[in-house]
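Some notes on the structure that comes next.
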Amino acid sequence: MQYQNVVAGKFIRRPNRFIAHVEVDGQETVVHVKNTGRCRELLVPGATVFLEKSASPARKTAYDLIAVMKGDLCINMDSQVPNQVAAEWLRKQLPEALIRREVTWGNSRFDLYIEVEGRKIFMEVKGVTLEQEGLALFPDAPTIRGVKHLKELAACIQEGYEACVLFVIQMKGIRAFRPHDKMHGDFGEALRAAQKAGVRVLAYDCVVTPDSIEIDRPVTVEL
């Protein structure tokens with residue numbers, strides 16, 4: 001995944017989930033934040049952030065905030081990008097497969113559907129931006145929707161499908177992935193229950209630059 005027209009800035013403050021104030025070329029600018037999560041450990045005053053300039057003149061904000069430096073670590077925090085990079089990665093890994101996005105099954109809609117060599121697989125993709133001492137944690141806020149997705153994946157298996165949840169860790173330098181039980185214990189319980197029901201739990205890190213992100217290597221999952 002490649003971004004266009006990326007510039008650097010200094011984070012100032014975030015008055016709400018959707019916008020932030022960033023210093024760009026010496027001027028304070030209001031930008032759109034492409035992640036409505038808390039991100040408190042990332043968006044700290046003075047942090048270097050990376051912004052993609054919008055091509056639309058109708059936009060109220062000229063830039064989207066897409067990445068941030070946490071020390072020496074570049075973290076992509078665009079919550080809209082994990083599904084896209086997952087689809088790009090799957091097409092490289094399985095060039096012969098049928099891969100569709102946003103597929104409805106029953107009352108559910110899953111991020112990805114894959115058909116390959118007679119296998120039919122539903123996949124949910126979760127972007128991970130929270131890092132603590134080399135561990136990637138999800139979620140960074142309670143997610144009732146995430147719990148629902150896990151239960152629905154388990155239900156697919158009862159109907160003869162395969163099911164998988166893929167945690168796209170939007171950074172490098174991670175030694176393991178864990179559910180963030182302290183933040184949302186129900187999600188951790190649902191993830192462990194889904195694995196016992198046959199749902200595959202995968203985590204991959206990403207090579208991240210200020211203007212790109214690409215899935216790279218598997219990360220150990222510790223449940």
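In the structure tokens, chains take letters A, B, ... by order of appearance, with residues numbered from 1 within each chain and ligands from 1 in the order shown.
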Residues at most 8 Å from segment 72-80 of chain A, counting only C-alpha atoms, excluding those fewer than 5 positions away in the same chain, as a ChimeraX atom specification? /A:33-36,65-67,127,129,170-173,208-210,213
Suppose we keep N, CA and C atoms; can you now write the selection as a compact mmCIF listing (two decimals), in the first residue's frame?
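Written out: out_16.txt:
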```txt
# COMPACT_ATOMS: atom_id res chain seq x y z
N VAL A 33 -8.01 12.64 11.41
CA VAL A 33 -7.34 11.47 11.98
C VAL A 33 -8.03 10.21 11.47
N LYS A 34 -7.30 9.36 10.77
CA LYS A 34 -7.88 8.16 10.16
C LYS A 34 -7.88 6.97 11.13
N ASN A 35 -8.08 7.28 12.40
CA ASN A 35 -8.19 6.24 13.43
C ASN A 35 -8.96 6.84 14.59
N THR A 36 -10.16 6.32 14.85
CA THR A 36 -10.99 6.88 15.91
C THR A 36 -10.71 6.25 17.27
N LEU A 65 -4.07 12.20 8.80
CA LEU A 65 -2.96 11.71 9.62
C LEU A 65 -2.89 10.19 9.46
N ILE A 66 -1.74 9.68 8.99
CA ILE A 66 -1.66 8.26 8.65
C ILE A 66 -0.61 7.49 9.45
N ALA A 67 0.39 8.19 10.00
CA ALA A 67 1.45 7.48 10.72
C ALA A 67 2.08 8.40 11.75
N GLY A 127 -6.70 -4.28 12.63
CA GLY A 127 -5.47 -3.51 12.67
C GLY A 127 -5.03 -3.29 14.10
N THR A 129 -2.36 -1.18 16.59
CA THR A 129 -1.43 -0.06 16.72
C THR A 129 -0.87 0.08 18.13
N GLN A 170 0.58 -2.94 12.71
CA GLN A 170 0.96 -1.87 11.80
C GLN A 170 2.31 -1.24 12.18
N MET A 171 3.29 -2.15 12.38
CA MET A 171 4.65 -1.73 12.77
C MET A 171 5.56 -2.95 12.72
N LYS A 172 6.88 -2.73 12.88
CA LYS A 172 7.86 -3.80 13.07
C LYS A 172 8.29 -3.81 14.53
N GLY A 173 9.27 -4.68 14.84
CA GLY A 173 9.85 -4.69 16.17
C GLY A 173 9.00 -5.34 17.24
N VAL A 208 6.77 -0.64 7.65
CA VAL A 208 6.09 0.65 7.60
C VAL A 208 7.10 1.76 7.33
N THR A 209 6.80 2.60 6.37
CA THR A 209 7.54 3.83 6.14
C THR A 209 6.55 4.99 6.24
N PRO A 210 7.01 6.23 6.22
CA PRO A 210 6.06 7.34 6.28
C PRO A 210 5.00 7.32 5.19
N ILE A 213 2.94 0.88 3.63
CA ILE A 213 2.78 -0.20 4.60
C ILE A 213 2.57 -1.49 3.83
```
Who sits within 10 Å of segment 174-181 of chain A, only C-alpha atoms, same chain under 2 positions skipped, as an mmCIF file with C-alpha atoms, in the first residue's frame:
```
data_model
loop_
_atom_site.group_PDB
_atom_site.id
_atom_site.type_symbol
_atom_site.label_atom_id
_atom_site.label_comp_id
_atom_site.auth_asym_id
_atom_site.auth_seq_id
_atom_site.Cartn_x
_atom_site.Cartn_y
_atom_site.Cartn_z
ATOM 1 C CA VAL A 128 -3.172 -3.291 15.697
ATOM 2 C CA LEU A 130 -0.943 -0.597 20.468
ATOM 3 C CA GLU A 131 2.571 -1.637 21.508
ATOM 4 C CA GLN A 132 3.863 -2.174 25.041
ATOM 5 C CA GLU A 133 7.415 -3.399 25.664
ATOM 6 C CA GLY A 134 7.584 -5.275 22.388
ATOM 7 C CA LEU A 135 4.094 -6.772 22.679
ATOM 8 C CA ALA A 136 1.300 -5.931 20.263
ATOM 9 C CA LEU A 137 -2.076 -5.720 21.998
ATOM 10 C CA PHE A 138 -5.651 -5.592 20.716
ATOM 11 C CA PRO A 139 -7.989 -3.883 21.328
ATOM 12 C CA ASP A 140 -6.955 -0.441 22.591
ATOM 13 C CA ALA A 141 -10.589 0.246 23.570
ATOM 14 C CA PRO A 142 -13.589 -2.021 24.309
ATOM 15 C CA PHE A 167 -4.259 -9.234 13.227
ATOM 16 C CA ILE A 169 0.293 -5.257 13.351
ATOM 17 C CA GLN A 170 0.959 -1.871 11.796
ATOM 18 C CA MET A 171 4.650 -1.728 12.765
ATOM 19 C CA LYS A 172 7.857 -3.798 13.069
ATOM 20 C CA MET A 183 -8.743 -3.355 28.321
ATOM 21 C CA HIS A 184 -11.546 -5.743 27.252
ATOM 22 C CA GLY A 185 -11.638 -9.152 28.899
ATOM 23 C CA ASP A 186 -14.670 -10.262 26.886
ATOM 24 C CA PHE A 187 -12.695 -9.903 23.652
ATOM 25 C CA GLY A 188 -9.860 -12.056 24.976
ATOM 26 C CA GLU A 189 -12.330 -14.713 26.123
ATOM 27 C CA ALA A 190 -14.094 -14.630 22.744
ATOM 28 C CA LEU A 191 -10.775 -14.962 20.905
ATOM 29 C CA ARG A 192 -9.744 -18.004 22.927
ATOM 30 C CA LEU A 202 -2.892 -15.191 12.852
ATOM 31 C CA ALA A 203 -0.761 -12.132 13.513
ATOM 32 C CA TYR A 204 1.650 -10.510 11.053
ATOM 33 C CA ASP A 205 3.824 -7.438 11.393
ATOM 34 C CA CYS A 206 4.323 -4.855 8.666
ATOM 35 C CA PRO A 218 4.300 -13.812 11.141
ATOM 36 C CA VAL A 219 4.314 -12.894 14.821
ATOM 37 C CA THR A 220 3.856 -15.356 17.694
ATOM 38 C CA VAL A 221 0.295 -15.370 19.065
ATOM 39 C CA GLU A 222 0.076 -15.771 22.841
ATOM 40 C CA LEU A 223 -3.478 -16.442 24.034
#
```
So that I can check the surroundings of Ala8 of chain A, please list as a ChimeraX atom specification every protein, DNA and RNA residue that reaches within 8 Å of it, counting only C-alpha atoms and ignoring chain neighbours fewer than 2 positions away. /A:6,10,24,48-51
Here atom CA of Gly146 of chain A and atom CA of Lys196 of chain A stand apart by 17.1 Å
Can you pull out every residue from chain A that DSSP, working from the backbone, puts in helix (DSSP H, G or I), and format the result as JSON, numbers by chain? {"A": [82, 83, 84, 85, 86, 87, 88, 89, 90, 91, 92, 93, 144, 145, 146, 147, 148, 149, 150, 151, 152, 153, 154, 155, 156, 157, 158, 185, 186, 187, 188, 189, 190, 191, 192, 193, 194, 195, 196]}
